[in-house]
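Novice: Structure supplied as coords_6.cif; contents: mmCIF, C-alpha atoms.
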```cif
data_my_file
#
loop_
_atom_site.label_atom_id
_atom_site.label_comp_id
_atom_site.auth_asym_id
_atom_site.auth_seq_id
_atom_site.Cartn_x
_atom_site.Cartn_y
_atom_site.Cartn_z
CA MET A 11 -11.49 -22.00 -22.62
CA THR A 12 -10.10 -18.53 -21.95
CA GLN A 13 -8.16 -18.33 -18.71
CA LEU A 14 -9.36 -15.49 -16.51
CA LYS A 15 -7.59 -13.61 -13.76
CA LEU A 16 -8.37 -10.89 -11.26
CA HIS A 17 -7.94 -7.43 -12.76
CA GLY A 18 -4.47 -6.14 -11.95
CA ASP A 19 -5.82 -2.95 -10.39
CA LEU A 20 -7.82 -4.97 -7.87
CA SER A 21 -6.72 -6.68 -4.69
CA TYR A 22 -8.67 -8.11 -1.81
CA CYS A 23 -8.49 -9.48 1.70
CA LYS A 24 -10.84 -11.68 3.68
CA ILE A 25 -12.24 -10.46 7.00
CA ASP A 26 -14.89 -12.32 9.02
CA GLY A 27 -15.55 -14.62 6.09
CA HIS A 28 -16.18 -11.86 3.54
CA LEU A 29 -14.03 -10.17 0.89
CA ILE A 30 -13.18 -6.48 0.76
CA PHE A 31 -11.68 -5.14 -2.48
CA LEU A 32 -9.41 -2.20 -3.23
CA ASP A 33 -9.62 -0.74 -6.74
CA VAL A 34 -6.61 1.55 -7.22
CA GLN A 35 -7.70 2.69 -10.68
CA ASN A 36 -10.98 4.11 -9.37
CA ASP A 37 -9.70 4.91 -5.87
CA ARG A 38 -12.40 2.96 -4.05
CA TYR A 39 -13.10 0.03 -1.77
CA PHE A 40 -16.06 -2.24 -2.37
CA ARG A 41 -17.68 -5.59 -1.61
CA LEU A 42 -19.53 -8.11 -3.77
CA SER A 43 -22.82 -9.83 -3.18
CA GLU A 44 -22.47 -13.23 -1.52
CA CYS A 45 -23.21 -15.13 -4.74
CA LEU A 46 -20.62 -13.18 -6.76
CA GLU A 47 -18.10 -13.48 -3.95
CA SER A 48 -18.55 -17.26 -3.79
CA ALA A 49 -18.30 -17.57 -7.58
CA LEU A 50 -15.11 -15.50 -7.69
CA LEU A 51 -13.39 -17.50 -4.95
CA ALA A 52 -14.43 -20.80 -6.55
CA TYR A 53 -13.06 -19.70 -9.93
CA LEU A 54 -9.77 -18.33 -8.59
CA HIS A 55 -9.21 -21.55 -6.68
CA GLY A 56 -9.59 -23.86 -9.61
CA GLY A 57 -13.11 -23.47 -10.97
CA ASP A 58 -13.50 -23.65 -14.73
CA SER A 59 -17.15 -23.07 -15.57
CA LEU A 60 -18.31 -19.80 -17.10
CA ASN A 61 -21.65 -19.64 -15.31
CA GLY A 62 -23.88 -16.57 -15.03
CA ASN A 63 -22.10 -15.18 -11.99
CA ILE A 64 -18.71 -15.47 -13.66
CA ARG A 65 -20.08 -13.64 -16.68
CA LYS A 66 -21.26 -10.84 -14.37
CA LEU A 67 -17.75 -10.61 -12.91
CA ILE A 68 -16.37 -10.33 -16.45
CA GLU A 69 -18.89 -7.61 -17.33
CA ARG A 70 -17.82 -5.65 -14.23
CA LYS A 71 -14.14 -6.12 -15.23
CA ILE A 72 -13.35 -7.89 -11.99
CA LEU A 73 -12.20 -10.92 -13.95
CA VAL A 74 -10.27 -10.23 -17.17
CA ASP A 75 -8.55 -12.20 -19.90
CA GLY A 76 -5.47 -13.86 -18.47
CA SER A 77 -4.33 -15.81 -21.54
CA GLY A 78 -0.61 -15.62 -22.05
CA ASN A 79 -0.28 -14.47 -18.45
CA SER A 80 0.71 -16.30 -15.30
CA GLY A 81 -2.68 -15.47 -13.82
CA HIS A 82 -1.06 -13.68 -10.91
CA ILE A 83 -3.47 -12.51 -8.25
CA PRO A 84 -2.43 -9.14 -6.75
CA SER A 85 -1.03 -10.02 -3.36
CA ALA A 86 -1.60 -8.41 -0.01
CA SER A 87 1.06 -10.66 1.46
CA LYS A 88 3.42 -8.80 3.74
CA LYS A 89 5.33 -9.77 6.83
CA ILE A 90 3.14 -9.16 9.88
CA PRO A 91 4.66 -6.20 11.76
CA THR A 92 6.13 -6.93 15.15
CA ARG A 93 7.47 -3.50 16.09
CA SER A 94 7.00 0.20 15.51
CA ALA A 95 9.89 2.58 14.92
CA MET A 96 7.79 5.35 16.47
CA GLU A 97 7.42 3.47 19.74
CA GLU A 98 11.04 2.49 20.20
CA ALA A 99 13.72 4.72 21.59
CA VAL A 100 15.77 6.01 18.69
CA HIS A 101 19.08 7.75 19.10
CA ALA A 102 17.94 11.36 18.79
CA LYS A 103 19.83 13.73 16.55
CA ARG A 104 19.05 17.24 15.48
CA THR A 105 17.09 17.48 12.24
CA SER A 106 19.05 19.43 9.66
CA VAL A 107 17.68 22.32 7.64
CA SER A 108 18.32 20.36 4.45
CA GLU A 109 16.23 17.44 5.75
CA VAL A 110 13.34 19.75 6.62
CA LEU A 111 13.50 21.41 3.19
CA ASP A 112 13.72 18.05 1.42
CA ALA A 113 10.79 16.65 3.39
CA ALA A 114 8.75 19.81 2.71
CA VAL A 115 9.32 19.59 -1.04
CA ILE A 116 8.39 15.90 -1.07
CA VAL A 117 5.24 16.39 1.04
CA CYS A 118 4.05 19.31 -1.08
CA SER A 119 4.81 17.47 -4.32
CA THR A 120 3.01 14.35 -3.08
CA GLN A 121 -0.02 16.39 -2.02
CA LEU A 122 -0.23 17.95 -5.49
CA GLN A 123 0.06 14.53 -7.16
CA LEU A 124 -2.76 13.10 -5.04
CA LYS A 125 -4.99 16.06 -5.93
CA ALA A 126 -4.20 16.03 -9.65
CA HIS A 127 -3.91 12.35 -10.52
CA SER A 128 -5.57 9.02 -9.89
CA LEU A 129 -4.36 6.85 -7.04
CA LYS A 130 -3.10 4.29 -9.58
CA ARG A 131 -0.94 6.88 -11.35
CA VAL A 132 0.53 8.11 -8.06
CA LEU A 133 1.29 4.57 -6.90
CA ASP A 134 2.78 3.58 -10.27
CA ARG A 135 5.06 6.61 -10.12
CA LEU A 136 6.07 5.80 -6.55
CA ALA A 137 6.96 2.22 -7.47
CA SER A 138 8.84 3.34 -10.59
CA ASP A 139 10.87 6.05 -8.82
CA ARG A 140 11.65 3.75 -5.90
CA GLY A 141 12.71 0.98 -8.29
CA LYS A 142 15.17 3.27 -10.06
CA ARG A 143 16.83 4.30 -6.81
CA THR A 144 16.67 1.22 -4.60
CA SER A 145 16.51 -2.56 -4.64
CA LYS A 146 14.52 -4.77 -2.32
CA SER A 147 17.37 -6.70 -0.75
CA SER A 148 17.33 -8.97 2.28
CA PRO A 149 17.14 -6.93 5.48
CA SER A 150 20.35 -6.53 7.45
CA SER A 151 21.19 -4.81 10.72
CA HIS A 152 23.10 -2.14 8.79
CA SER A 153 20.30 -1.36 6.31
CA GLU A 154 17.72 -1.48 9.12
CA SER A 155 19.67 1.10 11.10
CA GLN A 156 19.87 3.37 8.06
CA VAL A 157 16.15 3.06 7.37
CA LEU A 158 15.19 3.73 10.99
CA ASP A 159 17.45 6.78 11.16
CA ALA A 160 16.09 8.20 7.90
CA ALA A 161 12.47 7.50 8.93
CA ALA A 162 13.10 9.26 12.24
CA ALA A 163 14.56 12.23 10.36
CA PHE A 164 11.46 12.42 8.16
CA ARG A 165 9.07 12.22 11.14
CA SER A 166 11.00 14.97 12.89
CA ALA A 167 11.11 17.16 9.77
CA ARG A 168 7.41 16.61 9.19
CA LEU A 169 6.62 18.51 12.39
CA TYR A 170 7.83 21.71 10.72
CA ILE A 171 5.65 21.34 7.61
CA PRO A 172 2.30 23.19 7.94
CA ILE A 173 0.21 20.63 6.05
CA ASP A 174 -2.32 18.40 7.82
CA THR A 175 -1.10 14.87 8.35
CA CYS A 176 -2.76 12.08 6.38
CA CYS A 177 -1.71 8.43 6.31
CA LEU A 178 -1.61 8.19 2.49
CA LEU A 179 0.18 11.50 1.96
CA ASP A 180 2.71 10.90 4.70
CA SER A 181 3.39 7.26 3.88
CA ILE A 182 4.08 8.00 0.20
CA ALA A 183 6.20 11.00 1.16
CA MET A 184 8.23 8.99 3.68
CA ILE A 185 8.89 6.20 1.18
CA THR A 186 9.99 8.82 -1.38
CA PHE A 187 12.23 10.46 1.24
CA LEU A 188 13.82 7.07 1.97
CA ALA A 189 14.20 6.19 -1.72
CA LYS A 190 16.14 9.42 -2.33
CA ARG A 191 18.61 8.01 0.19
CA LYS A 192 18.64 4.65 -1.63
CA LEU A 193 16.60 3.02 1.14
CA TYR A 194 13.65 0.72 0.45
CA ALA A 195 10.31 0.54 2.26
CA ASP A 196 6.90 -0.86 1.35
CA LEU A 197 3.57 0.96 1.29
CA VAL A 198 0.97 -1.25 3.01
CA PHE A 199 -2.77 -0.67 2.64
CA GLY A 200 -5.02 -2.20 5.28
CA VAL A 201 -8.70 -2.24 6.17
CA THR A 202 -11.10 -3.09 8.97
CA ALA A 203 -14.61 -4.38 8.33
CA ASP A 204 -16.94 -3.45 11.18
CA PRO A 205 -16.93 -0.54 11.18
CA PHE A 206 -15.16 -0.14 7.86
CA SER A 207 -11.99 1.94 7.84
CA ALA A 208 -9.04 2.17 5.49
CA HIS A 209 -5.48 2.98 6.44
CA CYS A 210 -1.93 2.74 5.10
CA TRP A 211 1.58 2.90 6.48
CA ALA A 212 5.24 2.61 5.50
CA GLN A 213 6.90 -0.64 6.54
CA TYR A 214 10.43 -2.02 6.43
CA ASP A 215 10.59 -5.78 6.91
CA ALA A 216 8.49 -6.27 10.10
CA THR A 217 8.83 -2.70 11.34
CA VAL A 218 6.10 -0.09 10.94
CA LEU A 219 7.85 3.21 10.28
CA ASN A 220 5.13 5.83 10.75
CA ASP A 221 2.40 4.39 12.93
CA ALA A 222 1.84 2.66 16.25
CA LEU A 223 2.12 -1.12 16.09
CA GLY A 224 -1.28 -1.70 17.67
CA HIS A 225 -3.03 0.59 15.20
CA ALA A 226 -1.42 -1.10 12.20
CA LEU A 227 -2.31 -4.56 13.53
CA THR A 228 -6.01 -3.69 13.75
CA HIS A 229 -6.00 -3.46 9.93
CA THR A 230 -5.84 -6.45 7.61
CA PRO A 231 -3.40 -5.84 4.70
CA ILE A 232 -5.16 -5.62 1.35
CA ARG A 233 -2.39 -4.44 -0.98
CA VAL A 234 1.36 -3.87 -0.73
CA ILE A 235 3.18 -1.51 -3.09
#
```
Please express the file's structure as structure tokens.
Specialist:
Amino acid sequence: MTQLKLHGDLSYCKIDGHLIFLDVQNDRYFRLSECLESALLAYLHGGDSLNGNIRKLIERKILVDGSGNSGHIPSASKKIPTRSAMEEAVHAKRTSVSEVLDAAVIVCSTQLQLKAHSLKRVLDRLASDRGKRTSKSSPSSHSESQVLDAAAAFRSARLYIPIDTCCLLDSIAMITFLAKRKLYADLVFGVTADPFSAHCWAQYDATVLNDALGHALTHTPIRVI
């Protein structure tokens, strides 16, 4: 029997006993009916019968052919944040003109990408560019200090850029700003269920770089880039 897997553009998290999905290809969040949700979970956790509900999940391209593939389920796993760089005293230093100009170019470029392209294409480009410039190594006190300093420089420079703030725009721009300095950070997407809200932030190890800790913790991670 053909092995099925969750479509690679989909990821999900479980809140209050129900699943919420993020579809990066179509830039949307959605939920399934209870019967489809139960069928999906049963299949992903070892079920092997192609019943009517599984066939519906195949028709909706939620489950796809996974033959010759490890069957990897897109993970939302990320270290739970324990601190916020914004809320801790950072050794203040004057933001340079070059940092402001660099941040402005990145923010403007990111804004244009988000307007012109799908979320998937923007995220794929972010991951590709970051991968060429950085490596995800084990955190150290030295690398942490460099990341915190660079994140602080971006947040300070951002104040001079006359474009409305937005969590997606600013998180992607910050990660790009860090990557240009050979520094790695993750982009974490999170959601709440009741009422529904979606959010994202830049995170290094267990440190949120561009949001308050409490605000990030109210959201359940659904995908990490």
Novice: Quick one: of A:Gly200, A:Gly56, A:Pro172, A:Gly224, who's nearest to Val115 of chain A, counting only C-alpha atoms?
Specialist: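 Smallest separation from Val115 of chain A among the options: A:Pro172.
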Novice: Step by step, work through what the PyMOL selection byres ((chain A and resi 92) around 6) selects in the shown file, and finish by giving those residues as a ChimeraX atom specification.
Specialist: /A:91,93,216
Novice: Please produce an output containing C-alpha atoms for each residue in the selection, written as a PDB file, in the coordinates of the input.
Specialist:
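Result file follows (again-v6.pdb):
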```
ATOM      1  CA  PRO A  91       4.660  -6.200  11.760  1.00  0.00           C
ATOM      2  CA  ARG A  93       7.470  -3.500  16.090  1.00  0.00           C
ATOM      3  CA  ALA A 216       8.490  -6.270  10.100  1.00  0.00           C
TER       4      ALA A 216
END
```
Novice: Run through the PyMOL selection byres ((chain A and resi 75) around 8) on the given coordinates and return the selected residues as a list in words.
Specialist: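 Taken on the displayed file, the PyMOL selection byres ((chain A and resi 75) around 8) yields the residues Thr12, Gln13, Leu14, Lys15, Leu73, Val74, Gly76 and Ser77 of chain A.
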Novice: Specify as a short mmCIF file (atom, residue, chain, number, x, y, z; two decimals) with C-alpha atoms, in the frame of the given file each residue included when the PyMOL selection byres ((chain A and resi 123-130) around 12) is applied to this file.
Specialist:
```
data_model
loop_
_atom_site.label_atom_id
_atom_site.label_comp_id
_atom_site.auth_asym_id
_atom_site.auth_seq_id
_atom_site.Cartn_x
_atom_site.Cartn_y
_atom_site.Cartn_z
CA GLY A 18 -4.47 -6.14 -11.95
CA ASP A 19 -5.82 -2.95 -10.39
CA LEU A 20 -7.82 -4.97 -7.87
CA LEU A 32 -9.41 -2.20 -3.23
CA ASP A 33 -9.62 -0.74 -6.74
CA VAL A 34 -6.61 1.55 -7.22
CA GLN A 35 -7.70 2.69 -10.68
CA ASN A 36 -10.98 4.11 -9.37
CA ASP A 37 -9.70 4.91 -5.87
CA ARG A 38 -12.40 2.96 -4.05
CA ILE A 116 8.39 15.90 -1.07
CA VAL A 117 5.24 16.39 1.04
CA CYS A 118 4.05 19.31 -1.08
CA SER A 119 4.81 17.47 -4.32
CA THR A 120 3.01 14.35 -3.08
CA GLN A 121 -0.02 16.39 -2.02
CA LEU A 122 -0.23 17.95 -5.49
CA ARG A 131 -0.94 6.88 -11.35
CA VAL A 132 0.53 8.11 -8.06
CA LEU A 133 1.29 4.57 -6.90
CA ASP A 134 2.78 3.58 -10.27
CA ARG A 135 5.06 6.61 -10.12
CA LEU A 136 6.07 5.80 -6.55
CA ALA A 137 6.96 2.22 -7.47
CA CYS A 176 -2.76 12.08 6.38
CA LEU A 178 -1.61 8.19 2.49
CA LEU A 179 0.18 11.50 1.96
CA ASP A 180 2.71 10.90 4.70
CA ILE A 182 4.08 8.00 0.20
CA ALA A 183 6.20 11.00 1.16
CA ILE A 235 3.18 -1.51 -3.09
#
```
Novice: Contacts of Ala203 of chain A at 7 Å or less, counting all atoms listed in the file, minus same-chain residues fewer than 3 places along, as a list in words?
Specialist: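 So the residues in contact are Ile25, Phe206 and Ser207 of chain A.
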